[in-house]
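Undergrad: What follows is start_18.cif, mmCIF, C-alpha atoms; chains and numbers go by the auth columns.
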```cif
data_input
#
loop_
_atom_site.group_PDB
_atom_site.id
_atom_site.type_symbol
_atom_site.label_atom_id
_atom_site.label_comp_id
_atom_site.label_asym_id
_atom_site.label_seq_id
_atom_site.Cartn_x
_atom_site.Cartn_y
_atom_site.Cartn_z
_atom_site.B_iso_or_equiv
_atom_site.auth_seq_id
_atom_site.auth_asym_id
ATOM 1 C CA MET A 1 -42.017 24.734 49.655 0.00 1 A
ATOM 2 C CA ALA A 2 -40.910 23.921 46.087 0.00 2 A
ATOM 3 C CA ALA A 3 -40.863 27.648 45.298 0.00 3 A
ATOM 4 C CA THR A 4 -38.503 28.195 48.217 0.00 4 A
ATOM 5 C CA ALA A 5 -36.130 25.517 46.930 0.00 5 A
ATOM 6 C CA VAL A 6 -36.105 27.043 43.450 0.00 6 A
ATOM 7 C CA ALA A 7 -35.551 30.510 44.873 0.00 7 A
ATOM 8 C CA GLY A 8 -32.640 29.166 46.917 0.00 8 A
ATOM 9 C CA VAL A 9 -31.009 27.640 43.827 0.00 9 A
ATOM 10 C CA ALA A 10 -31.355 30.621 41.496 0.00 10 A
ATOM 11 C CA PRO A 11 -28.910 32.928 43.332 0.00 11 A
ATOM 12 C CA ALA A 12 -26.287 30.193 43.472 0.00 12 A
ATOM 13 C CA ALA A 13 -26.538 29.667 39.719 0.00 13 A
ATOM 14 C CA SER A 14 -26.225 33.374 38.965 0.00 14 A
ATOM 15 C CA SER A 15 -23.321 33.829 41.378 0.00 15 A
ATOM 16 C CA GLY A 16 -21.515 30.974 39.602 0.00 16 A
ATOM 17 C CA ALA A 17 -21.467 32.897 36.305 0.00 17 A
ATOM 18 C CA ALA A 18 -18.826 35.418 37.364 0.00 18 A
ATOM 19 C CA PRO A 19 -16.193 32.882 38.461 0.00 19 A
ATOM 20 C CA SER A 20 -16.630 30.844 35.278 0.00 20 A
ATOM 21 C CA ALA A 21 -16.075 33.998 33.210 0.00 21 A
ATOM 22 C CA ASN A 22 -12.845 34.621 35.134 0.00 22 A
ATOM 23 C CA ALA A 23 -11.937 30.941 34.842 0.00 23 A
ATOM 24 C CA ALA A 24 -11.481 31.469 31.093 0.00 24 A
ATOM 25 C CA LEU A 25 -8.260 33.379 31.888 0.00 25 A
ATOM 26 C CA ARG A 26 -5.111 31.387 32.625 0.00 26 A
ATOM 27 C CA GLN A 27 -1.514 32.228 33.354 0.00 27 A
ATOM 28 C CA PHE A 28 1.419 30.136 32.184 0.00 28 A
ATOM 29 C CA GLU A 29 5.067 30.662 33.069 0.00 29 A
ATOM 30 C CA GLY A 30 8.119 28.949 31.702 0.00 30 A
ATOM 31 C CA THR A 31 10.549 28.646 28.812 0.00 31 A
ATOM 32 C CA VAL A 32 9.861 29.365 25.135 0.00 32 A
ATOM 33 C CA VAL A 33 10.552 26.084 23.306 0.00 33 A
ATOM 34 C CA SER A 34 9.530 27.105 19.770 0.00 34 A
ATOM 35 C CA LYS A 35 8.199 30.042 17.774 0.00 35 A
ATOM 36 C CA ASN A 36 6.284 30.266 14.483 0.00 36 A
ATOM 37 C CA GLY A 37 6.475 33.764 13.019 0.00 37 A
ATOM 38 C CA ASP A 38 4.047 33.052 10.166 0.00 38 A
ATOM 39 C CA ALA A 39 1.315 31.807 12.524 0.00 39 A
ATOM 40 C CA ARG A 40 2.336 34.283 15.277 0.00 40 A
ATOM 41 C CA THR A 41 2.423 31.497 17.846 0.00 41 A
ATOM 42 C CA PHE A 42 4.937 30.240 20.366 0.00 42 A
ATOM 43 C CA ARG A 43 5.127 27.197 22.579 0.00 43 A
ATOM 44 C CA LEU A 44 5.780 27.707 26.268 0.00 44 A
ATOM 45 C CA ARG A 45 6.873 24.873 28.581 0.00 45 A
ATOM 46 C CA ASP A 46 5.267 25.420 31.981 0.00 46 A
ATOM 47 C CA SER A 47 6.778 23.080 34.594 0.00 47 A
ATOM 48 C CA GLU A 48 3.395 22.590 36.292 0.00 48 A
ATOM 49 C CA ARG A 49 1.036 22.483 33.285 0.00 49 A
ATOM 50 C CA GLY A 50 3.145 21.141 30.439 0.00 50 A
ATOM 51 C CA THR A 51 3.748 22.727 27.041 0.00 51 A
ATOM 52 C CA VAL A 52 1.097 24.989 25.514 0.00 52 A
ATOM 53 C CA ARG A 53 0.836 26.755 22.157 0.00 53 A
ATOM 54 C CA ILE A 54 -0.074 30.442 22.497 0.00 54 A
ATOM 55 C CA ARG A 55 -1.187 32.794 19.728 0.00 55 A
ATOM 56 C CA VAL A 56 -0.213 36.476 19.727 0.00 56 A
ATOM 57 C CA THR A 57 -2.521 39.144 18.252 0.00 57 A
ATOM 58 C CA ARG A 58 -2.251 42.872 17.548 0.00 58 A
ATOM 59 C CA SER A 59 -3.791 43.589 20.937 0.00 59 A
ATOM 60 C CA THR A 60 -1.333 41.423 22.905 0.00 60 A
ATOM 61 C CA ARG A 61 0.629 43.585 25.361 0.00 61 A
ATOM 62 C CA PHE A 62 4.323 42.908 25.918 0.00 62 A
ATOM 63 C CA GLU A 63 6.244 43.957 29.034 0.00 63 A
ATOM 64 C CA ARG A 64 10.029 43.745 29.342 0.00 64 A
ATOM 65 C CA ILE A 65 10.074 42.041 25.906 0.00 65 A
ATOM 66 C CA ASP A 66 10.492 43.890 22.606 0.00 66 A
ATOM 67 C CA GLY A 67 7.240 42.601 21.084 0.00 67 A
ATOM 68 C CA PHE A 68 6.821 39.258 19.335 0.00 68 A
ATOM 69 C CA ALA A 69 10.164 39.766 17.571 0.00 69 A
ATOM 70 C CA GLY A 70 11.863 40.007 20.967 0.00 70 A
ATOM 71 C CA LEU A 71 10.454 36.680 22.109 0.00 71 A
ATOM 72 C CA LYS A 72 13.283 34.184 21.538 0.00 72 A
ATOM 73 C CA VAL A 73 13.419 30.400 21.688 0.00 73 A
ATOM 74 C CA GLY A 74 15.114 29.481 24.955 0.00 74 A
ATOM 75 C CA ALA A 75 13.881 32.612 26.765 0.00 75 A
ATOM 76 C CA ARG A 76 13.186 31.693 30.387 0.00 76 A
ATOM 77 C CA ASN A 77 10.852 33.163 32.996 0.00 77 A
ATOM 78 C CA ILE A 78 8.259 34.163 30.413 0.00 78 A
ATOM 79 C CA GLU A 79 4.748 34.725 31.744 0.00 79 A
ATOM 80 C CA ALA A 80 1.693 34.683 29.499 0.00 80 A
ATOM 81 C CA THR A 81 -1.797 35.683 30.558 0.00 81 A
ATOM 82 C CA VAL A 82 -4.143 34.021 28.079 0.00 82 A
ATOM 83 C CA ARG A 83 -7.791 33.420 27.326 0.00 83 A
ATOM 84 C CA ARG A 84 -9.377 30.537 25.472 0.00 84 A
ATOM 85 C CA GLY A 85 -10.756 31.490 22.054 0.00 85 A
ATOM 86 C CA ASP A 86 -11.535 29.436 18.948 0.00 86 A
ATOM 87 C CA ASP A 87 -10.069 26.338 20.610 0.00 87 A
ATOM 88 C CA ARG A 88 -6.665 27.957 21.192 0.00 88 A
ATOM 89 C CA TRP A 89 -4.907 30.055 23.806 0.00 89 A
ATOM 90 C CA ILE A 90 -4.796 33.753 22.859 0.00 90 A
ATOM 91 C CA ALA A 91 -2.216 35.926 24.654 0.00 91 A
ATOM 92 C CA LEU A 92 -3.537 39.041 26.358 0.00 92 A
ATOM 93 C CA GLU A 93 -0.151 39.840 27.880 0.00 93 A
ATOM 94 C CA VAL A 94 3.345 38.367 27.597 0.00 94 A
ATOM 95 C CA GLU A 95 6.129 39.467 29.914 0.00 95 A
ATOM 96 C CA ARG A 96 9.487 38.479 31.315 0.00 96 A
ATOM 97 C CA SER A 97 9.223 37.758 35.039 0.00 97 A
ATOM 98 C CA GLY A 98 10.871 40.324 37.248 0.00 98 A
ATOM 99 C CA GLY A 99 13.252 37.764 38.708 0.00 99 A
ATOM 100 C CA GLY A 100 13.790 39.743 41.889 0.00 100 A
ATOM 101 C CA GLY A 101 13.638 38.214 45.349 0.00 101 A
ATOM 102 C CA GLU A 102 13.273 34.626 46.422 0.00 102 A
ATOM 103 C CA HIS A 103 10.018 32.744 46.196 0.00 103 A
ATOM 104 C CA GLY A 104 8.912 29.887 48.382 0.00 104 A
ATOM 105 C CA GLY A 105 11.013 30.807 51.395 0.00 105 A
ATOM 106 C CA GLY A 106 14.437 29.623 52.332 0.00 106 A
ATOM 107 C CA ASP A 107 15.867 27.028 54.684 0.00 107 A
ATOM 108 C CA ASP A 108 17.141 29.568 57.199 0.00 108 A
#
```
Once you've parsed the file, please lay out its structure as structure tokens.

TA:
Amino acid sequence: MAATAVAGVAPAASSGAAPSANAALRQFEGTVVSKNGDARTFRLRDSERGTVRIRVTRSTRFERIDGFAGLKVGARNIEATVRRGDDRWIALEVERSGGGGEHGGGDD
């Protein structure tokens, strides 16, 4: 009976590995509040999660923004998909939100 209990636990532990790998990715959206060109970082104020410092690398992809140089303090509707690495957030992708349509429904 103990072998059955162990066998029942093993699949649950292995199936938990995939979500935790995906859990390392996060998405923040908000306003750029500061930028450090020397460190290639910027701070993004997310209304739900607070302000985070994000590092940009050579492999960071930019959409609807002209690279790191095009990222300006005060820019709104900036989305960053990041991963945790070396105790900091590393940007995989940074983009300006499309801004089209209404989200959350209206009071029709």

Undergrad: Using all atoms listed in the file for the distances, tell me which of A:Thr60, A:Ile65, A:Asn36, A:Gln27 is nearest to Glu48 in chain A.

TA: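 Distance minimum relative to Glu48 in chain A lands on A:Gln27.
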
Undergrad: Looking at A:Ile78, A:Arg61, A:Arg88, A:Lys72, which one is nearest to Phe28 in chain A, with distances taken over all atoms listed in the file?

TA: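 Residue with the minimum atom-to-atom distance to Phe28 in chain A: A:Ile78.
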
Undergrad: Could you list, as a PyMOL selection string, every residue within 7 Å of Val56 in chain A, counting only C-alpha atoms and ignoring same-chain residues fewer than 3 positions away?

TA: chain A and resi 40-41+60+90-91

Undergrad: For the atom pair CA of Glu29 in chain A and CA of Arg58 in chain A, what is the interatomic distance in Å to one decimal place?

TA: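 Distance reported for this atom pair: 21.1 Å.
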
Undergrad: For the structure provided, state which residues fall under the PyMOL selection byres ((chain A and resi 49) around 12), and present them as a PDB file with C-alpha atoms, in the coordinates of the input.

TA:
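Written file, expr_5.pdb:
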```pdb
ATOM      1  CA  ARG A  26      -5.111  31.387  32.625  1.00  0.00           C
ATOM      2  CA  GLN A  27      -1.514  32.228  33.354  1.00  0.00           C
ATOM      3  CA  PHE A  28       1.419  30.136  32.184  1.00  0.00           C
ATOM      4  CA  GLU A  29       5.067  30.662  33.069  1.00  0.00           C
ATOM      5  CA  GLY A  30       8.119  28.949  31.702  1.00  0.00           C
ATOM      6  CA  LEU A  44       5.780  27.707  26.268  1.00  0.00           C
ATOM      7  CA  ARG A  45       6.873  24.873  28.581  1.00  0.00           C
ATOM      8  CA  ASP A  46       5.267  25.420  31.981  1.00  0.00           C
ATOM      9  CA  SER A  47       6.778  23.080  34.594  1.00  0.00           C
ATOM     10  CA  GLU A  48       3.395  22.590  36.292  1.00  0.00           C
ATOM     11  CA  GLY A  50       3.145  21.141  30.439  1.00  0.00           C
ATOM     12  CA  THR A  51       3.748  22.727  27.041  1.00  0.00           C
ATOM     13  CA  VAL A  52       1.097  24.989  25.514  1.00  0.00           C
ATOM     14  CA  ARG A  53       0.836  26.755  22.157  1.00  0.00           C
TER      15      ARG A  53
END
```

Undergrad: Using the chain letters and numbers from the file, give me the residues hit by the PyMOL selection byres ((chain A and resi 93) around 9), as a PyMOL selection string.

TA: chain A and resi 56+59-63+79-82+91-92+94-95

Undergrad: CA of Ala69 in chain A and CA of Ile54 in chain A are how many Å apart?

TA: 14.7 Å

Undergrad: One number please: CA of Leu25 in chain A to CA of Phe42 in chain A, in Å, one decimal.

TA: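 Distance reported for this atom pair: 17.8 Å.
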
Undergrad: Would you mind putting N, CA and C atoms back on range 76-90 of chain A and writing the result as a PDB file, in the coordinates of the input?

TA:
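Final file, selection_29.pdb:
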```pdb
ATOM      1  N   ARG A  76      13.721  32.266  29.152  1.00  0.00           N
ATOM      2  CA  ARG A  76      13.186  31.693  30.387  1.00  0.00           C
ATOM      3  C   ARG A  76      12.432  32.749  31.165  1.00  0.00           C
ATOM      4  N   ASN A  77      11.636  32.279  32.124  1.00  0.00           N
ATOM      5  CA  ASN A  77      10.852  33.163  32.996  1.00  0.00           C
ATOM      6  C   ASN A  77       9.889  34.039  32.198  1.00  0.00           C
ATOM      7  N   ILE A  78       9.251  33.444  31.209  1.00  0.00           N
ATOM      8  CA  ILE A  78       8.259  34.163  30.413  1.00  0.00           C
ATOM      9  C   ILE A  78       6.884  33.849  30.970  1.00  0.00           C
ATOM     10  N   GLU A  79       6.112  34.884  31.244  1.00  0.00           N
ATOM     11  CA  GLU A  79       4.748  34.725  31.744  1.00  0.00           C
ATOM     12  C   GLU A  79       3.773  35.142  30.655  1.00  0.00           C
ATOM     13  N   ALA A  80       2.731  34.350  30.479  1.00  0.00           N
ATOM     14  CA  ALA A  80       1.693  34.683  29.499  1.00  0.00           C
ATOM     15  C   ALA A  80       0.338  34.597  30.177  1.00  0.00           C
ATOM     16  N   THR A  81      -0.411  35.681  30.106  1.00  0.00           N
ATOM     17  CA  THR A  81      -1.797  35.683  30.558  1.00  0.00           C
ATOM     18  C   THR A  81      -2.628  35.482  29.306  1.00  0.00           C
ATOM     19  N   VAL A  82      -3.446  34.431  29.290  1.00  0.00           N
ATOM     20  CA  VAL A  82      -4.143  34.021  28.079  1.00  0.00           C
ATOM     21  C   VAL A  82      -5.623  33.809  28.349  1.00  0.00           C
ATOM     22  N   ARG A  83      -6.373  33.794  27.263  1.00  0.00           N
ATOM     23  CA  ARG A  83      -7.791  33.420  27.326  1.00  0.00           C
ATOM     24  C   ARG A  83      -8.020  32.362  26.263  1.00  0.00           C
ATOM     25  N   ARG A  84      -9.044  31.584  26.434  1.00  0.00           N
ATOM     26  CA  ARG A  84      -9.377  30.537  25.472  1.00  0.00           C
ATOM     27  C   ARG A  84     -10.291  31.140  24.415  1.00  0.00           C
ATOM     28  N   GLY A  85      -9.936  30.986  23.153  1.00  0.00           N
ATOM     29  CA  GLY A  85     -10.756  31.490  22.054  1.00  0.00           C
ATOM     30  C   GLY A  85     -10.545  30.656  20.815  1.00  0.00           C
ATOM     31  N   ASP A  86     -11.610  30.257  20.162  1.00  0.00           N
ATOM     32  CA  ASP A  86     -11.535  29.436  18.948  1.00  0.00           C
ATOM     33  C   ASP A  86     -10.648  28.213  19.152  1.00  0.00           C
ATOM     34  N   ASP A  87     -10.804  27.570  20.304  1.00  0.00           N
ATOM     35  CA  ASP A  87     -10.069  26.338  20.610  1.00  0.00           C
ATOM     36  C   ASP A  87      -8.554  26.522  20.680  1.00  0.00           C
ATOM     37  N   ARG A  88      -8.101  27.721  21.021  1.00  0.00           N
ATOM     38  CA  ARG A  88      -6.665  27.957  21.192  1.00  0.00           C
ATOM     39  C   ARG A  88      -6.463  28.989  22.285  1.00  0.00           C
ATOM     40  N   TRP A  89      -5.252  29.054  22.804  1.00  0.00           N
ATOM     41  CA  TRP A  89      -4.907  30.055  23.806  1.00  0.00           C
ATOM     42  C   TRP A  89      -4.468  31.329  23.092  1.00  0.00           C
ATOM     43  N   ILE A  90      -5.098  32.443  23.436  1.00  0.00           N
ATOM     44  CA  ILE A  90      -4.796  33.753  22.859  1.00  0.00           C
ATOM     45  C   ILE A  90      -4.138  34.603  23.948  1.00  0.00           C
TER      46      ILE A  90
END
```
